[in-house]
>>> print(open('start_33.cif').read())   # mmCIF, C-alpha atoms and all ligand atoms
data_target
loop_
_atom_site.group_PDB
_atom_site.id
_atom_site.type_symbol
_atom_site.label_atom_id
_atom_site.label_comp_id
_atom_site.auth_asym_id
_atom_site.auth_seq_id
_atom_site.Cartn_x
_atom_site.Cartn_y
_atom_site.Cartn_z
ATOM 1 C CA MET A 1 -140.332 5.642 -53.682
ATOM 2 C CA ALA A 2 -142.107 4.462 -50.574
ATOM 3 C CA ALA A 3 -143.746 1.139 -51.290
ATOM 4 C CA PHE A 4 -147.359 1.437 -52.267
ATOM 5 C CA PRO A 5 -149.591 -0.653 -49.961
ATOM 6 C CA GLN A 6 -150.342 -4.021 -51.534
ATOM 7 C CA PRO A 7 -154.023 -4.079 -50.409
ATOM 8 C CA LEU A 8 -154.494 -0.795 -52.259
ATOM 9 C CA ILE A 9 -152.939 -2.216 -55.413
ATOM 10 C CA GLU A 10 -155.168 -5.263 -55.196
ATOM 11 C CA ALA A 11 -158.308 -3.172 -54.701
ATOM 12 C CA MET A 12 -157.406 -1.018 -57.706
ATOM 13 C CA ALA A 13 -156.891 -4.195 -59.755
ATOM 14 C CA ALA A 14 -160.481 -5.239 -59.045
ATOM 15 C CA ARG A 15 -162.410 -5.946 -62.218
ATOM 16 C CA ALA A 16 -165.128 -3.405 -61.422
ATOM 17 C CA VAL A 17 -162.654 -0.584 -60.790
ATOM 18 C CA ARG A 18 -160.820 -1.380 -64.042
ATOM 19 C CA MET A 19 -163.981 -1.500 -66.146
ATOM 20 C CA HIS A 20 -165.457 1.622 -64.552
ATOM 21 C CA HIS A 21 -162.303 3.680 -65.099
ATOM 22 C CA ALA A 22 -161.886 2.467 -68.694
ATOM 23 C CA LEU A 23 -165.554 3.093 -69.551
ATOM 24 C CA TRP A 24 -165.511 6.548 -68.016
ATOM 25 C CA HIS A 25 -162.588 7.623 -70.182
ATOM 26 C CA ALA A 26 -163.936 5.830 -73.278
ATOM 27 C CA ALA A 27 -167.445 7.267 -73.030
ATOM 28 C CA ARG A 28 -166.390 10.905 -72.808
ATOM 29 C CA ASP A 29 -163.391 10.697 -75.190
ATOM 30 C CA GLY A 30 -165.318 8.835 -77.882
ATOM 31 C CA TRP A 31 -168.758 10.401 -77.612
ATOM 32 C CA ALA A 32 -168.470 13.017 -80.358
ATOM 33 C CA THR A 33 -167.501 10.414 -82.940
ATOM 34 C CA ARG A 34 -170.067 7.743 -81.962
ATOM 35 C CA THR A 35 -173.130 7.127 -84.127
ATOM 36 C CA GLU A 36 -176.559 7.688 -82.622
ATOM 37 C CA ALA A 37 -177.068 3.906 -82.370
ATOM 38 C CA GLU A 38 -173.750 3.542 -80.542
ATOM 39 C CA ARG A 39 -174.616 6.374 -78.179
ATOM 40 C CA LYS A 40 -177.848 4.637 -77.308
ATOM 41 C CA ILE A 41 -175.930 1.641 -76.007
ATOM 42 C CA TYR A 42 -174.069 3.851 -73.559
ATOM 43 C CA ARG A 43 -177.150 5.941 -72.751
ATOM 44 C CA ASP A 44 -179.423 2.996 -71.972
ATOM 45 C CA ARG A 45 -176.913 1.856 -69.357
ATOM 46 C CA GLY A 46 -176.331 5.186 -67.654
ATOM 47 C CA TRP A 47 -173.080 5.905 -69.434
ATOM 48 C CA GLU A 48 -174.015 8.951 -71.507
ATOM 49 C CA PRO A 49 -171.365 11.546 -70.615
ATOM 50 C CA PRO A 50 -173.108 14.849 -69.878
ATOM 51 C CA ARG A 51 -170.048 16.621 -71.249
ATOM 52 C CA PRO A 52 -167.902 14.935 -73.920
ATOM 53 C CA SER A 53 -164.197 15.626 -73.514
ATOM 54 C CA LEU A 54 -163.264 15.798 -77.203
ATOM 55 C CA THR A 55 -164.838 17.401 -80.250
ATOM 56 C CA ALA A 56 -165.620 15.400 -83.400
ATOM 57 C CA SER A 57 -162.287 16.561 -84.801
ATOM 58 C CA GLY A 58 -160.484 15.291 -81.716
ATOM 59 C CA GLN A 59 -159.758 18.591 -79.988
ATOM 60 C CA PRO A 60 -160.279 19.117 -76.246
ATOM 61 C CA GLU A 61 -163.610 20.623 -75.204
ATOM 62 C CA PHE A 62 -162.323 23.679 -73.381
ATOM 63 C CA ASN A 63 -165.661 25.380 -72.784
ATOM 64 C CA ASN A 64 -168.213 22.716 -71.897
ATOM 65 C CA GLY A 65 -166.977 21.975 -68.363
ATOM 66 C CA SER A 66 -165.709 18.458 -69.150
ATOM 67 C CA GLY A 67 -162.396 19.522 -67.662
ATOM 68 C CA GLU A 68 -164.159 19.788 -64.313
ATOM 69 C CA ASP A 69 -165.334 16.192 -64.700
ATOM 70 C CA PHE A 70 -161.726 15.153 -65.250
ATOM 71 C CA LEU A 71 -160.494 17.009 -62.168
ATOM 72 C CA TYR A 72 -163.406 15.935 -59.965
ATOM 73 C CA MET A 73 -163.388 12.249 -60.949
ATOM 74 C CA HIS A 74 -159.719 11.841 -60.081
ATOM 75 C CA ARG A 75 -159.986 14.004 -56.960
ATOM 76 C CA GLU A 76 -162.720 11.643 -55.792
ATOM 77 C CA MET A 77 -160.487 8.636 -56.395
ATOM 78 C CA ILE A 78 -157.704 10.241 -54.352
ATOM 79 C CA ARG A 79 -160.065 11.315 -51.580
ATOM 80 C CA THR A 80 -161.517 7.831 -51.287
ATOM 81 C CA VAL A 81 -158.118 6.186 -51.182
ATOM 82 C CA ASN A 82 -156.875 8.704 -48.599
ATOM 83 C CA GLU A 83 -159.890 8.131 -46.413
ATOM 84 C CA ILE A 84 -159.109 4.448 -46.235
ATOM 85 C CA LEU A 85 -155.321 4.761 -46.041
ATOM 86 C CA ALA A 86 -155.733 7.045 -43.040
ATOM 87 C CA VAL A 87 -157.405 4.333 -41.016
ATOM 88 C CA SER A 88 -155.652 1.237 -42.323
ATOM 89 C CA ASP A 89 -152.037 2.127 -42.984
ATOM 90 C CA PRO A 90 -150.365 4.529 -40.549
ATOM 91 C CA GLN A 91 -147.113 4.202 -42.526
ATOM 92 C CA HIS A 92 -148.716 5.596 -45.629
ATOM 93 C CA PRO A 93 -151.375 7.984 -44.460
ATOM 94 C CA ARG A 94 -152.118 9.736 -47.726
ATOM 95 C CA ILE A 95 -151.396 10.027 -51.423
ATOM 96 C CA VAL A 96 -148.510 12.410 -52.005
ATOM 97 C CA GLY A 97 -148.314 13.598 -55.577
ATOM 98 C CA TRP A 98 -145.270 14.849 -57.416
ATOM 99 C CA ALA A 99 -144.440 18.417 -56.360
ATOM 100 C CA ALA A 100 -143.290 18.959 -59.954
ATOM 101 C CA ILE A 101 -143.012 16.853 -63.086
ATOM 102 C CA PRO A 102 -139.835 14.802 -62.494
ATOM 103 C CA ALA A 103 -136.680 15.821 -64.357
ATOM 104 C CA ALA A 104 -135.109 13.552 -66.958
ATOM 105 C CA ASP A 105 -132.487 12.341 -64.474
ATOM 106 C CA ASP A 106 -134.836 11.890 -61.519
ATOM 107 C CA GLU A 107 -133.576 8.959 -59.452
ATOM 108 C CA ASP A 108 -136.875 8.018 -57.903
ATOM 109 C CA PHE A 109 -138.975 8.244 -61.065
ATOM 110 C CA PRO A 110 -136.789 7.313 -64.034
ATOM 111 C CA VAL A 111 -138.489 7.376 -67.408
ATOM 112 C CA PRO A 112 -138.678 3.763 -68.630
ATOM 113 C CA PRO A 113 -137.044 3.195 -72.054
ATOM 114 C CA PRO A 114 -139.245 3.054 -75.173
ATOM 115 C CA PHE A 115 -140.439 -0.324 -76.424
ATOM 116 C CA THR A 116 -142.498 -1.860 -79.196
ATOM 117 C CA VAL A 117 -146.199 -2.607 -78.766
ATOM 118 C CA PRO A 118 -147.110 -5.556 -80.994
ATOM 119 C CA GLY A 119 -149.996 -4.629 -83.252
ATOM 120 C CA ASN A 120 -150.048 -1.006 -82.147
ATOM 121 C CA ASP A 121 -147.235 0.935 -83.801
ATOM 122 C CA ASN A 122 -149.100 4.169 -83.370
ATOM 123 C CA LEU A 123 -149.259 3.889 -79.618
ATOM 124 C CA ALA A 124 -145.613 2.766 -79.472
ATOM 125 C CA GLU A 125 -144.640 5.852 -81.461
ATOM 126 C CA ASN A 126 -146.637 8.148 -79.180
ATOM 127 C CA ILE A 127 -144.971 6.521 -76.198
ATOM 128 C CA ARG A 128 -141.529 6.984 -77.749
ATOM 129 C CA GLN A 129 -142.228 10.662 -78.366
ATOM 130 C CA ALA A 130 -143.591 11.184 -74.855
ATOM 131 C CA LYS A 131 -140.279 9.962 -73.459
ATOM 132 C CA SER A 132 -138.178 12.385 -75.539
ATOM 133 C CA ALA A 133 -136.296 15.459 -74.337
ATOM 134 C CA GLU A 134 -138.541 17.635 -76.539
ATOM 135 C CA ALA A 135 -141.622 16.227 -74.817
ATOM 136 C CA LEU A 136 -140.201 17.127 -71.436
ATOM 137 C CA ASP A 137 -139.470 20.670 -72.657
ATOM 138 C CA ARG A 138 -143.080 21.019 -73.747
ATOM 139 C CA LEU A 139 -144.341 19.563 -70.490
ATOM 140 C CA ARG A 140 -142.194 22.017 -68.552
ATOM 141 C CA GLU A 141 -143.568 24.990 -70.496
ATOM 142 C CA ARG A 142 -147.091 23.868 -69.805
ATOM 143 C CA GLU A 143 -146.361 23.121 -66.189
ATOM 144 C CA ALA A 144 -145.125 26.716 -65.885
ATOM 145 C CA GLN A 145 -148.411 27.945 -67.364
ATOM 146 C CA VAL A 146 -150.700 25.947 -65.098
ATOM 147 C CA THR A 147 -148.775 26.948 -61.986
ATOM 148 C CA ASP A 148 -148.693 30.654 -62.901
ATOM 149 C CA PRO A 149 -151.243 32.622 -60.859
ATOM 150 C CA ALA A 150 -151.586 35.161 -63.672
ATOM 151 C CA VAL A 151 -152.629 32.420 -66.090
ATOM 152 C CA LEU A 152 -154.825 30.633 -63.564
ATOM 153 C CA GLY A 153 -156.582 33.865 -62.663
ATOM 154 C CA GLY A 154 -157.726 34.270 -66.243
ATOM 155 C CA ILE A 155 -159.226 30.848 -66.990
ATOM 156 C CA THR A 156 -162.140 28.746 -65.788
ATOM 157 C CA LEU A 157 -161.599 25.569 -63.810
ATOM 158 C CA GLY A 158 -163.086 23.625 -66.729
ATOM 159 C CA ARG A 159 -160.590 25.055 -69.188
ATOM 160 C CA LEU A 160 -157.757 24.308 -66.781
ATOM 161 C CA GLY A 161 -158.906 20.701 -66.427
ATOM 162 C CA ALA A 162 -159.213 20.142 -70.170
ATOM 163 C CA PHE A 163 -155.808 21.712 -70.795
ATOM 164 C CA ILE A 164 -154.150 19.557 -68.149
ATOM 165 C CA GLU A 165 -155.936 16.393 -69.266
ATOM 166 C CA PHE A 166 -155.035 16.555 -72.930
ATOM 167 C CA PHE A 167 -151.884 18.652 -73.038
ATOM 168 C CA ILE A 168 -150.086 17.339 -69.952
ATOM 169 C CA HIS A 169 -151.699 14.352 -68.252
ATOM 170 C CA ASN A 170 -152.115 12.121 -71.302
ATOM 171 C CA ARG A 171 -148.453 12.586 -72.148
ATOM 172 C CA LEU A 172 -147.396 11.836 -68.567
ATOM 173 C CA HIS A 173 -149.250 8.513 -68.751
ATOM 174 C CA LEU A 174 -147.318 7.541 -71.879
ATOM 175 C CA ARG A 175 -144.005 8.973 -70.692
ATOM 176 C CA TRP A 176 -143.906 6.739 -67.620
ATOM 177 C CA ALA A 177 -145.394 3.661 -69.304
ATOM 178 C CA ALA A 178 -143.046 0.680 -69.062
ATOM 179 C CA GLU A 179 -142.588 -2.450 -71.129
ATOM 180 C CA LEU A 180 -144.701 -5.420 -70.033
ATOM 181 C CA PRO A 181 -144.847 -9.007 -71.302
ATOM 182 C CA ARG A 182 -148.218 -8.279 -72.937
ATOM 183 C CA TYR A 183 -150.727 -5.469 -73.428
ATOM 184 C CA ARG A 184 -154.476 -5.372 -73.680
ATOM 185 C CA PRO A 185 -155.029 -5.119 -77.419
ATOM 186 C CA GLY A 186 -155.589 -1.494 -78.391
ATOM 187 C CA GLY A 187 -158.396 -0.742 -80.781
ATOM 188 C CA SER A 188 -160.092 -4.097 -80.253
ATOM 189 C CA ALA A 189 -163.509 -3.376 -78.868
ATOM 190 C CA PHE A 190 -163.248 -3.546 -75.117
ATOM 191 C CA ASP A 191 -161.247 -6.695 -74.452
ATOM 192 C CA VAL A 192 -161.878 -7.282 -70.746
ATOM 193 C CA HIS A 193 -160.779 -10.910 -70.559
ATOM 194 C CA PRO A 194 -159.978 -11.719 -66.913
ATOM 195 C CA ARG A 195 -156.336 -12.286 -67.888
ATOM 196 C CA TRP A 196 -156.030 -8.480 -67.740
ATOM 197 C CA ASP A 197 -157.212 -8.381 -64.135
ATOM 198 C CA VAL A 198 -153.979 -9.607 -62.508
ATOM 199 C CA PRO A 199 -152.378 -6.900 -60.333
ATOM 200 C CA SER A 200 -149.192 -7.118 -62.427
ATOM 201 C CA TYR A 201 -151.115 -5.683 -65.367
ATOM 202 C CA ASP A 202 -150.601 -2.094 -64.309
ATOM 203 C CA TRP A 203 -149.778 -0.456 -67.622
ATOM 204 C CA LEU A 204 -149.958 3.340 -67.454
ATOM 205 C CA ALA A 205 -150.889 3.636 -71.138
ATOM 206 C CA ASP A 206 -154.245 1.897 -70.644
ATOM 207 C CA PRO A 207 -157.112 3.277 -68.519
ATOM 208 C CA TYR A 208 -158.052 -0.327 -67.685
ATOM 209 C CA SER A 209 -154.798 -0.663 -65.749
ATOM 210 C CA SER A 210 -153.186 2.725 -65.183
ATOM 211 C CA HIS A 211 -154.659 3.309 -61.731
ATOM 212 C CA VAL A 212 -153.149 0.019 -60.498
ATOM 213 C CA ASN A 213 -149.705 1.550 -61.001
ATOM 214 C CA PRO A 214 -148.259 3.588 -58.077
ATOM 215 C CA ILE A 215 -147.054 6.252 -60.539
ATOM 216 C CA PHE A 216 -150.693 6.976 -61.425
ATOM 217 C CA TRP A 217 -151.135 8.343 -57.921
ATOM 218 C CA LYS A 218 -147.977 10.500 -58.062
ATOM 219 C CA LEU A 219 -149.107 11.917 -61.389
ATOM 220 C CA HIS A 220 -152.693 12.482 -60.337
ATOM 221 C CA GLY A 221 -151.559 13.988 -57.058
ATOM 222 C CA TRP A 222 -149.722 16.586 -59.135
ATOM 223 C CA VAL A 223 -152.841 17.144 -61.283
ATOM 224 C CA ASP A 224 -154.984 17.473 -58.183
ATOM 225 C CA ALA A 225 -152.803 20.170 -56.649
ATOM 226 C CA ARG A 226 -153.538 22.362 -59.661
ATOM 227 C CA ILE A 227 -157.126 22.706 -58.410
ATOM 228 C CA ASP A 228 -155.783 24.271 -55.222
ATOM 229 C CA ASP A 229 -153.482 26.569 -57.188
ATOM 230 C CA TRP A 230 -156.447 27.697 -59.272
ATOM 231 C CA MET A 231 -158.479 28.393 -56.128
ATOM 232 C CA ARG A 232 -155.658 30.475 -54.635
ATOM 233 C CA ALA A 233 -155.072 32.395 -57.855
ATOM 234 C CA ASN A 234 -158.775 33.236 -58.016
ATOM 235 C CA GLY A 235 -159.131 34.089 -54.344
ATOM 236 C CA VAL A 236 -161.587 31.234 -53.799
ATOM 237 C CA THR A 237 -161.723 29.638 -50.351
ATOM 238 C CA GLY A 238 -163.880 26.841 -48.962
ATOM 239 C CA PRO A 239 -165.233 24.057 -51.143
ATOM 240 C CA VAL A 240 -164.269 23.841 -54.804
ATOM 241 C CA PRO A 241 -166.882 25.803 -56.790
ATOM 242 C CA TRP A 242 -167.767 22.976 -59.179
ATOM 243 C CA SER A 243 -170.224 24.060 -61.861
ATOM 244 C CA PHE A 244 -172.124 20.774 -61.626
ATOM 245 C CA ASP A 245 -173.722 19.038 -58.695
ATOM 246 C CA PRO A 246 -171.734 16.892 -58.855
ATOM 247 C CA PRO A 247 -169.461 16.630 -61.906
ATOM 248 C CA TRP A 248 -169.619 13.345 -63.803
ATOM 249 C CA THR A 249 -168.055 10.157 -62.435
ATOM 250 C CA GLY A 250 -170.183 7.605 -64.285
ATOM 251 C CA PRO A 251 -173.217 5.699 -62.990
ATOM 252 C CA ALA A 252 -173.326 5.040 -59.252
ATOM 253 C CA ALA A 253 -171.897 1.728 -58.146
ATOM 254 C CA SER A 254 -174.143 1.432 -55.125
ATOM 255 C CA GLY A 255 -177.533 3.020 -54.812
ATOM 256 C CA HIS A 256 -177.939 2.753 -51.082
ATOM 257 C CA HIS A 257 -174.860 4.303 -49.542
ATOM 258 C CA HIS A 258 -173.548 6.360 -52.451
ATOM 259 C CA GLN A 259 -170.300 4.491 -52.310
ATOM 260 C CA ASN A 260 -168.185 4.815 -55.399
ATOM 261 C CA VAL A 261 -166.556 1.831 -57.028
ATOM 262 C CA VAL A 262 -163.143 2.593 -55.533
ATOM 263 C CA GLU A 263 -164.613 2.676 -52.049
ATOM 264 C CA LEU A 264 -166.469 -0.580 -52.619
ATOM 265 C CA ALA A 265 -163.292 -2.280 -53.814
ATOM 266 C CA LEU A 266 -161.322 -1.009 -50.841
ATOM 267 C CA ARG A 267 -163.944 -2.038 -48.291
ATOM 268 C CA ALA A 268 -165.023 -5.342 -49.824
ATOM 269 C CA ARG A 269 -164.353 -8.413 -47.674
ATOM 270 C CA PRO A 270 -165.792 -11.841 -48.403
ATOM 271 C CA GLY A 271 -169.513 -11.723 -47.712
ATOM 272 C CA ASN A 272 -169.855 -8.085 -46.650
ATOM 273 C CA SER A 273 -172.327 -5.670 -48.214
ATOM 274 C CA GLU A 274 -169.587 -3.867 -50.158
ATOM 275 C CA ALA A 275 -168.558 -7.175 -51.745
ATOM 276 C CA VAL A 276 -172.162 -7.786 -52.762
ATOM 277 C CA SER A 277 -172.525 -4.292 -54.266
ATOM 278 C CA LEU A 278 -169.201 -4.649 -56.035
ATOM 279 C CA GLU A 279 -170.293 -7.924 -57.575
ATOM 280 C CA SER A 280 -173.522 -6.463 -58.910
ATOM 281 C CA HIS A 281 -171.608 -3.485 -60.314
ATOM 282 C CA VAL A 282 -169.276 -5.951 -62.072
ATOM 283 C CA HIS A 283 -172.287 -7.565 -63.717
ATOM 284 C CA ALA A 284 -173.689 -4.215 -64.856
ATOM 285 C CA LEU A 285 -170.317 -3.175 -66.264
ATOM 286 C CA GLU A 286 -169.830 -6.509 -68.015
ATOM 287 C CA GLU A 287 -173.265 -6.220 -69.562
ATOM 288 C CA THR A 288 -172.435 -2.723 -70.839
ATOM 289 C CA ILE A 289 -169.122 -3.833 -72.286
ATOM 290 C CA THR A 290 -170.656 -6.921 -73.887
ATOM 291 C CA ALA A 291 -173.311 -4.734 -75.533
ATOM 292 C CA LEU A 292 -170.626 -2.370 -76.837
ATOM 293 C CA LYS A 293 -168.593 -5.290 -78.161
ATOM 294 C CA ASP A 294 -171.547 -7.077 -79.744
ATOM 295 C CA ASN A 295 -172.420 -3.916 -81.614
ATOM 296 C CA GLY A 296 -168.871 -3.308 -82.774
ATOM 297 C CA VAL A 297 -168.481 -0.022 -80.911
ATOM 298 C CA PRO A 298 -164.789 0.881 -81.075
ATOM 299 C CA GLU A 299 -162.850 1.546 -77.909
ATOM 300 C CA PRO A 300 -161.250 4.977 -78.328
ATOM 301 C CA VAL A 301 -157.490 5.416 -78.416
ATOM 302 C CA PRO A 302 -156.322 5.553 -74.790
ATOM 303 C CA PHE A 303 -154.840 8.831 -73.577
ATOM 304 C CA PRO A 304 -154.864 10.384 -77.069
ATOM 305 C CA GLN A 305 -152.080 12.789 -77.967
ATOM 306 C CA VAL A 306 -154.040 15.616 -79.526
ATOM 307 C CA ASP A 307 -151.420 18.333 -79.813
HETATM 308 CU CU CU A 401 -158.548 8.405 -65.175
#
>>> encode(input="start_33.cif", output="structure tokens")
Amino acid sequence: MAAFPQPLIEAMAARAVRMHHALWHAARDGWATRTEAERKIYRDRGWEPPRPSLTASGQPEFNNGSGEDFLYMHREMIRTVNEILAVSDPQHPRIVGWAAIPAADDEDFPVPPPFTVPGNDNLAENIRQAKSAEALDRLREREAQVTDPAVLGGITLGRLGAFIEFFIHNRLHLRWAAELPRYRPGGSAFDVHPRWDVPSYDWLADPYSSHVNPIFWKLHGWVDARIDDWMRANGVTGPVPWSFDPPWTGPAASGHHHQNVVELALRARPGNSEAVSLESHVHALEETITALKDNGVPEPVPFPQVD
């Protein structure tokens, strides 16, 4: 695999990007099972998801459009990174996703062996299963469905997004997760100790760190291409016909220039306006997470396996 640019890895490891990505997934995955008091903590800080991604019984929300949020949020991340790669790194001008989910014997993207996760047997077991031959068979069947124009022509973009998120993407995150010396404790309410901010903490099984890992961008490049397939299958040209203006990416990081947190992290240099905006976004995110922690709001299971 072509080396992933180090400045990009460092920007993705920024505390604000980590917290924003983790909160975005946590807010929408956990919403249906939060109490009203817990919801208020999110809501008062701009983190009420307009469309929860899971029902109270933990099934994907296929009909509420949350799948569009999933597709849009990650498309925005890719677009922002591409915009900056294009001007700063001629050797690596854009994110290139997997053309297909890699085979079991893929030389460039081997599946890391299973491992134990101290204190989180459940996650370790889900990871083990995601790495199995049966899991790949299932992934292949589903990949065939979401690349079939006949299937795509019969479903909404929101349904496609929800199906990919929970029946393919979550498993891909766990399948390619690799053993690390330590993991952010799962289930503990939002542990965002700065020890987890080092660029080497790039665990794919945790939304606080997954986007720091180059494989995140291969995987999400594959996800992103499904939007284009859906457009083709439905004879749609021009801009993506999102049902929301725009879909949900969490509260804005910078009021003035509408820069998202990824853009701020990529453009921040000591003393510039992006660095200042990034810093104030860090404070807002820390305040939100502290409030969630102080009130004992649980952090949802990352990348839940719901099927
Ligand atoms: Cu994500």
>>> closest_atom_pairs(input="start_33.cif", of="chain A", to="ligand CU 401 (chain A)", cutoff="7 Å", atoms="all atoms listed in the file", output="Markdown table")
| residue | atom | partner | partner_atom | distance |
| --- | --- | --- | --- | --- |
| A:His21 | CA | A:CU401 | CU | 6.0 |
| A:His25 | CA | A:CU401 | CU | 6.5 |
| A:His74 | CA | A:CU401 | CU | 6.3 |
| A:Pro207 | CA | A:CU401 | CU | 6.3 |
>>> write_last_selection(input="start_33.cif", atoms="C-alpha atoms", output="compact mmCIF listing (two decimals), keeping the file's coordinate frame")
# COMPACT_ATOMS: atom_id res chain seq x y z
CA HIS A 21 -162.30 3.68 -65.10
CA HIS A 25 -162.59 7.62 -70.18
CA HIS A 74 -159.72 11.84 -60.08
CA PRO A 207 -157.11 3.28 -68.52
>>> resolve_selection(input="start_33.cif", expression="the PyMOL selection byres (((chain A and resi 295) around 12) and not hetatm)", output="number ranges by chain")
A: 34-35, 37-42, 189-190, 288-294, 296-299
>>> resolve_selection(input="start_33.cif", expression="the PyMOL selection byres (((chain A and resi 96-100) around 6) and not hetatm)", output="PDB file with C-alpha atoms, keeping the file's coordinate frame")
ATOM      1  CA  ILE A  95    -151.396  10.027 -51.423  1.00  0.00           C
ATOM      2  CA  ILE A 101    -143.012  16.853 -63.086  1.00  0.00           C
ATOM      3  CA  PRO A 102    -139.835  14.802 -62.494  1.00  0.00           C
ATOM      4  CA  LYS A 218    -147.977  10.500 -58.062  1.00  0.00           C
ATOM      5  CA  GLY A 221    -151.559  13.988 -57.058  1.00  0.00           C
ATOM      6  CA  TRP A 222    -149.722  16.586 -59.135  1.00  0.00           C
TER       7      TRP A 222
END
>>> resolve_selection(input="start_33.cif", expression="the PyMOL selection byres (((chain A and resi 112) around 7) and not hetatm)", output="short mmCIF file (atom, residue, chain, number, x, y, z; two decimals) with C-alpha atoms, in the frame of the given file")
data_model
loop_
_atom_site.label_atom_id
_atom_site.label_comp_id
_atom_site.auth_asym_id
_atom_site.auth_seq_id
_atom_site.Cartn_x
_atom_site.Cartn_y
_atom_site.Cartn_z
CA PRO A 110 -136.79 7.31 -64.03
CA VAL A 111 -138.49 7.38 -67.41
CA PRO A 113 -137.04 3.20 -72.05
CA PRO A 114 -139.24 3.05 -75.17
CA TRP A 176 -143.91 6.74 -67.62
CA ALA A 177 -145.39 3.66 -69.30
CA ALA A 178 -143.05 0.68 -69.06
#
>>> closest_residue(input="start_33.cif", among="A:Asp224, A:Arg182, A:Arg195, A:Phe163", to="Arg79 in chain A", atoms="only C-alpha atoms")
A:Asp224
>>> residues_around(input="start_33.cif", residues="Asp29 in chain A", least_positions_apart="4", cutoff="9 Å", atoms="only C-alpha atoms", output="list in words")
Trp24, His25, Thr33, Pro52, Ser53, Leu54, Thr55, Gly58, Pro300, Val301, Pro302, Phe303 and Pro304 of chain A
>>> residues_around(input="start_33.cif", residues="Met73 in chain A", least_positions_apart="4", cutoff="9 Å", atoms="only C-alpha atoms", output="ChimeraX atom specification")
/A:68-69,77-78,247-250
>>> atom_distance(input="start_33.cif", atom1="CA of Asp106 in chain A", atom2="CA of Leu160 in chain A")
26.6 Å
>>> closest_residue(input="start_33.cif", among="A:Pro181, A:Pro251, A:Gly186, A:Gly235", to="Ser200 in chain A", atoms="only C-alpha atoms")
A:Pro181
>>> atom_distance(input="start_33.cif", atom1="CA of Gly153 in chain A", atom2="CA of Arg138 in chain A")
21.7 Å
>>> atom_distance(input="start_33.cif", atom1="CA of Ala103 in chain A", atom2="CA of Asn213 in chain A")
19.6 Å
>>> axis_aligned_box(input="start_33.cif", around="range 101-120 of chain A", padding_each_side="3 Å", output="lines of an AutoDock Vina configuration file")
center_x = -141.3
center_y = 5.6
center_z = -70.6
size_x = 23.6
size_y = 28.4
size_z = 31.3
>>> residues_around(input="start_33.cif", residues="Ala150 in chain A", least_positions_apart="4", cutoff="10 Å", atoms="all atoms listed in the file", output="ChimeraX atom specification")
/A:145-146,154-155,230,233-234
>>> build_atoms(input="start_33.cif", residues="range 203-214 of chain A", atoms="N, CA and C atoms", output="mmCIF file, in the coordinates of the input")
data_model
loop_
_atom_site.group_PDB
_atom_site.id
_atom_site.type_symbol
_atom_site.label_atom_id
_atom_site.label_comp_id
_atom_site.auth_asym_id
_atom_site.auth_seq_id
_atom_site.Cartn_x
_atom_site.Cartn_y
_atom_site.Cartn_z
ATOM 1 N N TRP A 203 -150.339 -1.301 -66.560
ATOM 2 C CA TRP A 203 -149.778 -0.456 -67.622
ATOM 3 C C TRP A 203 -150.373 0.946 -67.587
ATOM 4 N N LEU A 204 -149.497 1.949 -67.548
ATOM 5 C CA LEU A 204 -149.958 3.340 -67.454
ATOM 6 C C LEU A 204 -150.594 3.850 -68.741
ATOM 7 N N ALA A 205 -150.354 3.160 -69.853
ATOM 8 C CA ALA A 205 -150.889 3.636 -71.138
ATOM 9 C C ALA A 205 -152.271 3.079 -71.439
ATOM 10 N N ASP A 206 -152.927 2.498 -70.445
ATOM 11 C CA ASP A 206 -154.245 1.897 -70.644
ATOM 12 C C ASP A 206 -155.124 2.249 -69.435
ATOM 13 N N PRO A 207 -156.270 2.902 -69.663
ATOM 14 C CA PRO A 207 -157.112 3.277 -68.519
ATOM 15 C C PRO A 207 -157.709 2.069 -67.781
ATOM 16 N N TYR A 208 -157.592 0.883 -68.378
ATOM 17 C CA TYR A 208 -158.052 -0.327 -67.685
ATOM 18 C C TYR A 208 -157.067 -0.719 -66.576
ATOM 19 N N SER A 209 -155.859 -0.206 -66.658
ATOM 20 C CA SER A 209 -154.798 -0.663 -65.749
ATOM 21 C C SER A 209 -153.999 0.444 -65.099
ATOM 22 N N SER A 210 -154.101 1.666 -65.622
ATOM 23 C CA SER A 210 -153.186 2.725 -65.183
ATOM 24 C C SER A 210 -153.260 2.988 -63.682
ATOM 25 N N HIS A 211 -154.469 2.957 -63.142
ATOM 26 C CA HIS A 211 -154.659 3.309 -61.731
ATOM 27 C C HIS A 211 -154.147 2.225 -60.778
ATOM 28 N N VAL A 212 -153.744 1.075 -61.324
ATOM 29 C CA VAL A 212 -153.149 0.019 -60.498
ATOM 30 C C VAL A 212 -151.678 0.345 -60.240
ATOM 31 N N ASN A 213 -151.122 1.219 -61.065
ATOM 32 C CA ASN A 213 -149.705 1.550 -61.001
ATOM 33 C C ASN A 213 -149.465 2.682 -59.992
ATOM 34 N N PRO A 214 -148.508 2.520 -59.067
ATOM 35 C CA PRO A 214 -148.259 3.588 -58.077
ATOM 36 C C PRO A 214 -147.971 4.952 -58.710
#
